[in-house]
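This report concerns only the one structure given below.
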Amino acid sequence: MGLLEQISGPRDLDALTSAQLRQLAAEIREFLVQAVSRTGGHLGPNLGVVELTLAMHRVFESPRDTFVFDTGHQSYVHKLLTGRQDFSTLRQKGGLAGYPSRAESEHDVVENSHASTSLSWADGIARANAVRGLKDRHVVAVIGDGALTGGMAWEAINNISAAEDRRLVVVVNDNGRSYSPTIGGMAHHLDTLRTTDGYEQFLDWGKRTLRRSGPPGRFAYEWLHGLKKGIKDVVAPQGMFEDLGLKYIGPVDGHDEQAVERALRQAKAFGGPVIVHVITEKGRGYTPAEQDVADRFHTIGVIHPETGLPIAPSRFGWTKVFADELVQIGRRRPDVVAITGAMLEPVGLLPFSREFPERTIDVGIAEQHAVTSAAGMAFAGLHPVVALYATFLNRAFDQVLMDVALHRAGVTFVLDRAGITGPDGPSHHGMWDLAMLRLVPGLRLAAPRDEATLREALRTAVDVDDAPTVVRYPKGSLGPDLPAVDRLDDVDVVARTGPETGDAPRVLLVGVGAMVGTALEAARVLGEHGVRATVVAPTWVLPMPSALVKLAGEADLVVTVEDGLAEGGVGALLGERLTAEGHPARMLTLGLPTTFVDHASREEIVAAYRLGPADVAADALAALATRGSES
């Protein structure tokens, strides 16, 4: 039996020797490679924090001491050490979540996997401990150098630094990366601390030489050691953390468990807020990850564990279409610039950055800054394209509203992973954007259904210079092209099914973006039941097309299908317009409920919330039957 199998909780680590801890670290890495290669997940970040997590659990006593992981990408090792070693269904329905989960363990606290929040959580918990007089409890926040590019982290540090009596340890897990290499002034400063060893060499010399020189030498060494802040001014850059009034320990080799443990014990004994700067290597111990220049296997699908190669390479998808079309636009439009937040490759901006490096801006994990900076660029004559995951635009709603829309700035937002995203769970579903953005005056939003409409929508969006535009699309592979059979103003009709004459009821099926295929299949089922159905796919859904309102007013039943919120979404807006214009059409607005949707596959989520074609058709038939009985 290996050591890992003998660990059922953190206190099982206490009696292990240094050699056993090294063996356990190797076993954990082997377990992660084998397990995550079968399910997919965040591999690189977890391979990098094995020794750090071991040291944390040996020094502190979770759950009495609270651990807060920023984003939670690196929480798999923590799960293993707290009794959760069944990774067979990781990120699958009913299995372990890909992030910390309170439902799984008392050792988990923060479930939100949006970055740069951990220090605010930690500050709040530490404040509460102080107010309640719980002086024997510590809070440990683990934040990456990438997450430190987020402004919220620095708001928290500003407050933490003023709290001398709070037992709060901030571990900066510095691997030089978020998804990709960390950018900005923070990255340059940490690079300098990482690579400047003059200060440590100076102290080592003092320890070796002066402390061997009798009482005068030892006195001189202690005096110099006490002036280490001044020494750092001479032989290393001044630490920004100490300038803020925070005790700083490091840099520490994050793969030397004993060194990390010593640093954490020093921090624990200090009694106030402490920064522990730990240098780690993302993907540590797994050659394919270490050699992956793009993101060190930040997140993977199912792979061959020996080679790191994908077992089922992804097909041509939405992101690749956007990437290709933006490059073509960039060649025609020298004013178009691309902006993202630490996600250059995941959102498809890598090809644009290679051809137009001077027109590509990665602001780090700073969505609010990205949006307002884009407004400034628009004012100064550029047309910015801000590419983000849909869920991350939530963080910059105020900037979209007050900086972009209020100033009628020509900024295009491209929202990848819109709608149901699946295994990453509640914080990553891009299900809020339609309901949220319909509140923004003047904003125009497109939900393309296939490759052709995505390319067309993007070209149209960047031609708008007096209002914000949004193009949203889902995660994954593209389906088949769905050409229009007719066009009524700006609304595409993609199918008409059922009897062409007679008294058959008329159903208008409105598919929004990725749900057009569902509407088409539901229409086919309705046709088999003698129902006339028209399927429309309005690419631009905000503002509401007048042609769509007209078509809906002529139908006996209007069914809208979207992968965003049903409440407050496109269907709800259409219903409001119909009511305002006095149309009597019956409405079925189908979409996701206003709740947090757990992790599962897209297909499982669609089935759970009755958004598949058979359910849509069944609900439409039931609504028609109810209407018939009422008449």
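Here's how to read the names in the structure tokens: chain A, B, ... by the order shown, residue numbers from 1 in each chain, ligand numbers from 1 in the order shown.
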Applying 10 Å and only C-alpha atoms, which residues near Ala115 (chain A) remain after dropping the ones on its own chain fewer than 5 positions away? List them as a VMD selection string. chain A and resid 69 to 73 143 to 144 146 to 150 152 to 153 178 365 to 366 392
Can you pull out the residues contacting Gly517 (chain A)? Cut-off 12 Å, using only C-alpha atoms, and skip same-chain residues under 6 positions away; I want them as a PyMOL selection string. chain A and resi 448-450+478-483+494-495+509-511+523-524+535-537+561-562+611-613+616
List every residue of region 234-371 of chain A that DSSP, applied to the backbone, labels as strand (DSSP E), and write the result as a VMD selection string. chain A and resid 247 to 253 274 to 279 336 to 340 360 to 362
Output all heavy atoms for every residue in that selection, as a compact mmCIF listing (two decimals), in the first residue's frame.
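File written: part39.txt
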```txt
# COMPACT_ATOMS: atom_id res chain seq x y z
N LYS A 247 4.49 42.09 6.63
CA LYS A 247 5.65 41.23 6.83
C LYS A 247 5.80 40.35 5.60
O LYS A 247 4.83 39.78 5.10
CB LYS A 247 5.44 40.37 8.07
CG LYS A 247 6.49 39.30 8.31
CD LYS A 247 7.79 39.88 8.77
CE LYS A 247 8.77 38.77 9.17
NZ LYS A 247 10.09 39.31 9.54
N TYR A 248 7.05 40.24 5.10
CA TYR A 248 7.31 39.47 3.88
C TYR A 248 8.32 38.38 4.18
O TYR A 248 9.39 38.64 4.75
CB TYR A 248 7.83 40.40 2.78
CG TYR A 248 8.32 39.68 1.55
CD1 TYR A 248 7.43 39.33 0.53
CD2 TYR A 248 9.66 39.35 1.39
CE1 TYR A 248 7.87 38.68 -0.61
CE2 TYR A 248 10.11 38.70 0.26
CZ TYR A 248 9.22 38.36 -0.74
OH TYR A 248 9.66 37.71 -1.86
N ILE A 249 8.01 37.14 3.80
CA ILE A 249 8.93 36.01 3.94
C ILE A 249 9.12 35.39 2.56
O ILE A 249 8.15 35.01 1.90
CB ILE A 249 8.38 34.95 4.92
CG1 ILE A 249 8.19 35.55 6.31
CG2 ILE A 249 9.29 33.73 4.96
CD1 ILE A 249 7.52 34.60 7.30
N GLY A 250 10.38 35.28 2.14
CA GLY A 250 10.62 34.65 0.86
C GLY A 250 11.67 35.39 0.06
O GLY A 250 12.31 36.32 0.55
N PRO A 251 11.84 35.00 -1.21
CA PRO A 251 11.15 33.88 -1.87
C PRO A 251 11.61 32.53 -1.33
O PRO A 251 12.74 32.38 -0.92
CB PRO A 251 11.57 34.02 -3.34
CG PRO A 251 12.16 35.38 -3.47
CD PRO A 251 12.73 35.73 -2.14
N VAL A 252 10.70 31.56 -1.38
CA VAL A 252 10.95 30.21 -0.89
C VAL A 252 10.77 29.24 -2.04
O VAL A 252 9.85 29.39 -2.85
CB VAL A 252 9.96 29.85 0.25
CG1 VAL A 252 10.22 28.44 0.76
CG2 VAL A 252 10.05 30.86 1.38
N ASP A 253 11.63 28.22 -2.12
CA ASP A 253 11.49 27.17 -3.12
C ASP A 253 10.24 26.36 -2.80
O ASP A 253 10.18 25.61 -1.83
CB ASP A 253 12.72 26.27 -3.10
CG ASP A 253 12.66 25.13 -4.12
OD1 ASP A 253 11.61 24.98 -4.79
OD2 ASP A 253 13.65 24.38 -4.25
N VAL A 274 0.96 38.25 7.15
CA VAL A 274 2.25 37.90 6.58
C VAL A 274 2.08 37.46 5.13
O VAL A 274 1.13 36.73 4.82
CB VAL A 274 2.93 36.76 7.36
CG1 VAL A 274 4.32 36.46 6.79
CG2 VAL A 274 3.05 37.09 8.84
N ILE A 275 2.99 37.90 4.28
CA ILE A 275 3.08 37.40 2.91
C ILE A 275 4.18 36.34 2.87
O ILE A 275 5.31 36.60 3.29
CB ILE A 275 3.45 38.52 1.91
CG1 ILE A 275 2.36 39.59 1.87
CG2 ILE A 275 3.72 37.95 0.53
CD1 ILE A 275 1.19 39.29 1.00
N VAL A 276 3.85 35.15 2.38
CA VAL A 276 4.87 34.12 2.14
C VAL A 276 4.95 33.91 0.63
O VAL A 276 3.99 33.46 0.00
CB VAL A 276 4.52 32.80 2.85
CG1 VAL A 276 5.58 31.75 2.54
CG2 VAL A 276 4.40 33.01 4.35
N HIS A 277 6.09 34.26 0.07
CA HIS A 277 6.29 34.24 -1.39
C HIS A 277 6.94 32.91 -1.77
O HIS A 277 8.09 32.64 -1.44
CB HIS A 277 7.18 35.42 -1.78
CG HIS A 277 7.43 35.55 -3.23
ND1 HIS A 277 8.34 36.43 -3.75
CD2 HIS A 277 6.89 34.93 -4.31
CE1 HIS A 277 8.36 36.35 -5.06
NE2 HIS A 277 7.48 35.43 -5.42
N VAL A 278 6.17 32.05 -2.45
CA VAL A 278 6.61 30.69 -2.77
C VAL A 278 6.77 30.56 -4.29
O VAL A 278 5.84 30.87 -5.04
CB VAL A 278 5.59 29.66 -2.25
CG1 VAL A 278 6.02 28.25 -2.63
CG2 VAL A 278 5.43 29.78 -0.74
N ILE A 279 7.94 30.11 -4.72
CA ILE A 279 8.21 29.93 -6.14
C ILE A 279 7.90 28.49 -6.52
O ILE A 279 8.48 27.55 -5.97
CB ILE A 279 9.69 30.23 -6.48
CG1 ILE A 279 10.11 31.58 -5.91
CG2 ILE A 279 9.90 30.17 -7.99
CD1 ILE A 279 9.34 32.74 -6.43
N VAL A 336 -8.63 48.20 -35.51
CA VAL A 336 -9.16 47.15 -34.64
C VAL A 336 -8.04 46.60 -33.76
O VAL A 336 -6.98 46.20 -34.24
CB VAL A 336 -9.80 46.02 -35.46
CG1 VAL A 336 -10.09 44.80 -34.59
CG2 VAL A 336 -11.09 46.51 -36.11
N VAL A 337 -8.28 46.61 -32.45
CA VAL A 337 -7.34 46.05 -31.49
C VAL A 337 -8.05 44.99 -30.67
O VAL A 337 -9.28 45.01 -30.53
CB VAL A 337 -6.76 47.13 -30.55
CG1 VAL A 337 -5.94 48.14 -31.33
CG2 VAL A 337 -7.88 47.84 -29.78
N ALA A 338 -7.29 44.04 -30.13
CA ALA A 338 -7.87 42.94 -29.36
C ALA A 338 -7.41 43.04 -27.90
O ALA A 338 -6.24 43.29 -27.63
CB ALA A 338 -7.44 41.60 -29.95
N ILE A 339 -8.34 42.83 -26.98
CA ILE A 339 -8.06 42.91 -25.55
C ILE A 339 -8.59 41.65 -24.87
O ILE A 339 -9.69 41.18 -25.20
CB ILE A 339 -8.75 44.14 -24.91
CG1 ILE A 339 -8.38 45.42 -25.67
CG2 ILE A 339 -8.39 44.26 -23.44
CD1 ILE A 339 -9.16 46.63 -25.19
N THR A 340 -7.82 41.12 -23.93
CA THR A 340 -8.33 40.02 -23.12
C THR A 340 -7.74 40.11 -21.72
O THR A 340 -6.87 40.94 -21.46
CB THR A 340 -8.02 38.65 -23.76
OG1 THR A 340 -8.76 37.64 -23.07
CG2 THR A 340 -6.54 38.33 -23.68
N THR A 360 -2.48 43.90 -29.76
CA THR A 360 -3.04 42.90 -28.86
C THR A 360 -2.66 43.26 -27.43
O THR A 360 -1.48 43.44 -27.12
CB THR A 360 -2.51 41.49 -29.20
OG1 THR A 360 -2.74 41.22 -30.59
CG2 THR A 360 -3.21 40.44 -28.35
N ILE A 361 -3.66 43.37 -26.57
CA ILE A 361 -3.44 43.80 -25.19
C ILE A 361 -3.99 42.75 -24.24
O ILE A 361 -5.18 42.42 -24.28
CB ILE A 361 -4.12 45.15 -24.90
CG1 ILE A 361 -3.62 46.24 -25.86
CG2 ILE A 361 -3.89 45.57 -23.46
CD1 ILE A 361 -4.57 46.52 -26.99
N ASP A 362 -3.11 42.19 -23.40
CA ASP A 362 -3.53 41.29 -22.33
C ASP A 362 -3.36 42.05 -21.03
O ASP A 362 -2.24 42.34 -20.61
CB ASP A 362 -2.68 40.02 -22.35
CG ASP A 362 -3.15 38.99 -21.33
OD1 ASP A 362 -3.93 39.35 -20.43
OD2 ASP A 362 -2.74 37.82 -21.45
```
Separation of CA of Thr66 (chain A) from CA of Ala263 (chain A), in Å and rounded to one decimal: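 Separation of CA of Thr66 (chain A) and CA of Ala263 (chain A): 17.8 Å.
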Which residues are close to Phe596 (chain A), i.e. within 10 Å by only C-alpha atoms, leaving aside same-chain residues fewer than 6 positions away? Reply as a list of chain:residue names.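 What passes the distance filter is A:Gly425, A:Pro426, A:Ser427, A:His429, A:Met431.
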Once DSSP has gone over the backbone, tell me which residues of region 457-593 of chain A are in alpha helix (DSSP H), as a PyMOL selection string. chain A and resi 457-462+516-528+546-553+570-580
Between CA of Val493 (chain A) and CA of Trp540 (chain A), what is the distance, to one decimal in Å? 13.4 Å
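Considering only C-alpha atoms, the residue among A:Pro505, A:Gly94, A:Gly498, A:Gly48 positioned nearest to Ala289 (chain A) is A:Gly48.
Closest approach to Asn175 (chain A) from the set A:Glu242, A:Glu5, A:Asp295, A:Asp433 is made by A:Asp295, with distances taken over only C-alpha atoms.
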Which residues of region 442-494 of chain A have any atom within 6 Å of an atom in region 406-411 of chain A when counting only C-alpha atoms, and what is the closest pair of atoms for each, with the distance in Å to one decimal? Order the rows by chain and rising number and write it as JSON lines.
```
{"residue": "A:Asp465", "atom": "CA", "partner": "A:Gly410", "partner_atom": "CA", "distance": 3.9}
{"residue": "A:Asp466", "atom": "CA", "partner": "A:Gly410", "partner_atom": "CA", "distance": 5.0}
{"residue": "A:Ala467", "atom": "CA", "partner": "A:Arg408", "partner_atom": "CA", "distance": 4.5}
{"residue": "A:Pro468", "atom": "CA", "partner": "A:Val411", "partner_atom": "CA", "distance": 5.0}
```
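Using only C-alpha atoms, the shortest contact distance between Leu590 (chain A) and any of A:Thr539, A:Thr372, A:Thr497, A:Thr518 is found at A:Thr518.
Atom pair CA of Pro499 (chain A) / CA of Val549 (chain A): separated by 23.4 Å.
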Report as number ranges by chain all protein, DNA and RNA residues lying within 7 Å of region 119-121 of chain A, evaluated on only C-alpha atoms, omitting residues in the same chain fewer than 3 positions from it. A: 124-125, 141, 153, 156
Could you pull the residues within 12 Å of Leu134 (chain A), counting only C-alpha atoms, minus those fewer than 6 positions along the same chain, as a ChimeraX atom specification? /A:64-65,125-128,165-167
Generate a file of the selected residues that holds C-alpha atoms, formatted as a short mmCIF file (atom, residue, chain, number, x, y, z; two decimals), in the first residue's frame.
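That gives us result-v5.cif:
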```
data_model
loop_
_atom_site.label_atom_id
_atom_site.label_comp_id
_atom_site.auth_asym_id
_atom_site.auth_seq_id
_atom_site.Cartn_x
_atom_site.Cartn_y
_atom_site.Cartn_z
CA ARG A 64 -10.18 25.13 12.46
CA ASP A 65 -7.69 27.14 10.46
CA ILE A 125 -12.87 35.66 7.88
CA ALA A 126 -9.87 36.98 9.84
CA ARG A 127 -11.83 40.08 10.88
CA ALA A 128 -14.68 37.88 12.09
CA ASP A 165 -3.49 41.83 15.06
CA ARG A 166 -5.18 39.57 12.53
CA ARG A 167 -3.73 36.08 12.05
#
```
Nearest to Ile420 (chain A), chosen from A:Ala514, A:Leu43, A:Val140, A:Leu458, with only C-alpha atoms counted in the distances: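 Result for the nearest residue to Ile420 (chain A): A:Ala514.
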Compare A:Leu573, A:Val516, A:Leu557, A:Leu344 by their minimum atom-to-atom distance to Leu437 (chain A), counting only C-alpha atoms, and give me the closest one.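 Looking only at the distances to Leu437 (chain A), the closest residue turns out to be A:Leu573.
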So that I can see what lies close to Leu445 (chain A), please list as a list in words the residues with an atom at most 6 Å from it, counting only C-alpha atoms and leaving out residues fewer than 3 positions away in the same chain. Thr469, Val470, Val471, Trp540, Val541 and Leu542 of chain A
How about saving the chosen residues, all heavy atoms kept, as an mmCIF file, in the first residue's frame?
```
data_model
loop_
_atom_site.group_PDB
_atom_site.id
_atom_site.type_symbol
_atom_site.label_atom_id
_atom_site.label_comp_id
_atom_site.auth_asym_id
_atom_site.auth_seq_id
_atom_site.Cartn_x
_atom_site.Cartn_y
_atom_site.Cartn_z
ATOM 1 N N THR A 469 -21.328 46.574 -28.812
ATOM 2 C CA THR A 469 -21.875 45.399 -29.484
ATOM 3 C C THR A 469 -21.327 44.156 -28.801
ATOM 4 O O THR A 469 -20.224 44.155 -28.265
ATOM 5 C CB THR A 469 -21.496 45.369 -30.976
ATOM 6 O OG1 THR A 469 -20.074 45.505 -31.102
ATOM 7 C CG2 THR A 469 -22.186 46.480 -31.732
ATOM 8 N N VAL A 470 -22.128 43.091 -28.836
ATOM 9 C CA VAL A 470 -21.747 41.833 -28.197
ATOM 10 C C VAL A 470 -22.016 40.698 -29.168
ATOM 11 O O VAL A 470 -23.068 40.647 -29.811
ATOM 12 C CB VAL A 470 -22.554 41.598 -26.896
ATOM 13 C CG1 VAL A 470 -22.148 40.276 -26.245
ATOM 14 C CG2 VAL A 470 -22.374 42.753 -25.922
ATOM 15 N N VAL A 471 -21.063 39.775 -29.264
ATOM 16 C CA VAL A 471 -21.255 38.542 -30.013
ATOM 17 C C VAL A 471 -20.990 37.398 -29.042
ATOM 18 O O VAL A 471 -19.912 37.316 -28.459
ATOM 19 C CB VAL A 471 -20.309 38.444 -31.219
ATOM 20 C CG1 VAL A 471 -20.540 37.124 -31.964
ATOM 21 C CG2 VAL A 471 -20.511 39.628 -32.162
ATOM 22 N N TRP A 540 -29.342 38.835 -34.373
ATOM 23 C CA TRP A 540 -29.276 39.989 -33.456
ATOM 24 C C TRP A 540 -30.544 40.008 -32.619
ATOM 25 O O TRP A 540 -31.630 40.258 -33.128
ATOM 26 C CB TRP A 540 -29.108 41.288 -34.246
ATOM 27 C CG TRP A 540 -27.745 41.370 -34.869
ATOM 28 C CD1 TRP A 540 -27.377 40.939 -36.109
ATOM 29 C CD2 TRP A 540 -26.556 41.875 -34.247
ATOM 30 N NE1 TRP A 540 -26.036 41.141 -36.307
ATOM 31 C CE2 TRP A 540 -25.503 41.719 -35.185
ATOM 32 C CE3 TRP A 540 -26.277 42.440 -33.010
ATOM 33 C CZ2 TRP A 540 -24.192 42.105 -34.900
ATOM 34 C CZ3 TRP A 540 -24.980 42.835 -32.729
ATOM 35 C CH2 TRP A 540 -23.951 42.669 -33.662
ATOM 36 N N VAL A 541 -30.390 39.704 -31.334
ATOM 37 C CA VAL A 541 -31.559 39.576 -30.458
ATOM 38 C C VAL A 541 -31.761 40.784 -29.561
ATOM 39 O O VAL A 541 -32.824 40.948 -28.956
ATOM 40 C CB VAL A 541 -31.459 38.297 -29.607
ATOM 41 C CG1 VAL A 541 -31.523 37.066 -30.498
ATOM 42 C CG2 VAL A 541 -30.184 38.281 -28.764
ATOM 43 N N LEU A 542 -30.737 41.620 -29.425
ATOM 44 C CA LEU A 542 -30.867 42.878 -28.693
ATOM 45 C C LEU A 542 -30.339 43.997 -29.579
ATOM 46 O O LEU A 542 -29.216 43.896 -30.088
ATOM 47 C CB LEU A 542 -30.062 42.845 -27.384
ATOM 48 C CG LEU A 542 -30.472 41.831 -26.322
ATOM 49 C CD1 LEU A 542 -29.511 41.901 -25.136
ATOM 50 C CD2 LEU A 542 -31.898 42.057 -25.847
#
```
Please provide the set of residues having any atom within 8 Å of Leu401 (chain A), restricted to only C-alpha atoms, with same-chain residues fewer than 4 positions apart removed, written as a list of chain:residue names.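 Surrounding residues, per the criterion: A:Phe397, A:Ala405, A:Leu406, A:Val440, A:Pro441.
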Once you have the residues from the selection above, write them out as a compact mmCIF listing (two decimals), in the first residue's frame, restricted to all heavy atoms.
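Wrote result-v5.txt, looks like this:
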```txt
# COMPACT_ATOMS: atom_id res chain seq x y z
N PHE A 397 -19.81 44.51 -15.23
CA PHE A 397 -21.09 45.05 -15.69
C PHE A 397 -21.15 46.57 -15.53
O PHE A 397 -21.62 47.29 -16.42
CB PHE A 397 -22.25 44.39 -14.94
CG PHE A 397 -23.59 44.98 -15.32
CD1 PHE A 397 -24.18 44.65 -16.53
CD2 PHE A 397 -24.24 45.86 -14.47
CE1 PHE A 397 -25.40 45.20 -16.89
CE2 PHE A 397 -25.46 46.41 -14.82
CZ PHE A 397 -26.05 46.08 -16.03
N ALA A 405 -21.40 52.05 -22.49
CA ALA A 405 -22.72 52.39 -23.03
C ALA A 405 -23.07 53.86 -22.82
O ALA A 405 -23.56 54.52 -23.75
CB ALA A 405 -23.78 51.49 -22.40
N LEU A 406 -22.84 54.38 -21.62
CA LEU A 406 -23.18 55.78 -21.36
C LEU A 406 -22.45 56.71 -22.31
O LEU A 406 -23.01 57.73 -22.74
CB LEU A 406 -22.83 56.12 -19.90
CG LEU A 406 -23.05 57.59 -19.49
CD1 LEU A 406 -24.53 57.95 -19.59
CD2 LEU A 406 -22.53 57.82 -18.08
N VAL A 440 -28.81 47.14 -20.68
CA VAL A 440 -27.87 48.19 -21.05
C VAL A 440 -28.41 49.00 -22.22
O VAL A 440 -28.58 48.46 -23.33
CB VAL A 440 -26.50 47.59 -21.41
CG1 VAL A 440 -25.53 48.69 -21.82
CG2 VAL A 440 -25.94 46.81 -20.22
N PRO A 441 -28.69 50.29 -22.05
CA PRO A 441 -29.24 51.10 -23.15
C PRO A 441 -28.31 51.14 -24.35
O PRO A 441 -27.10 51.35 -24.23
CB PRO A 441 -29.37 52.49 -22.51
CG PRO A 441 -29.45 52.25 -21.04
CD PRO A 441 -28.58 51.06 -20.80
```
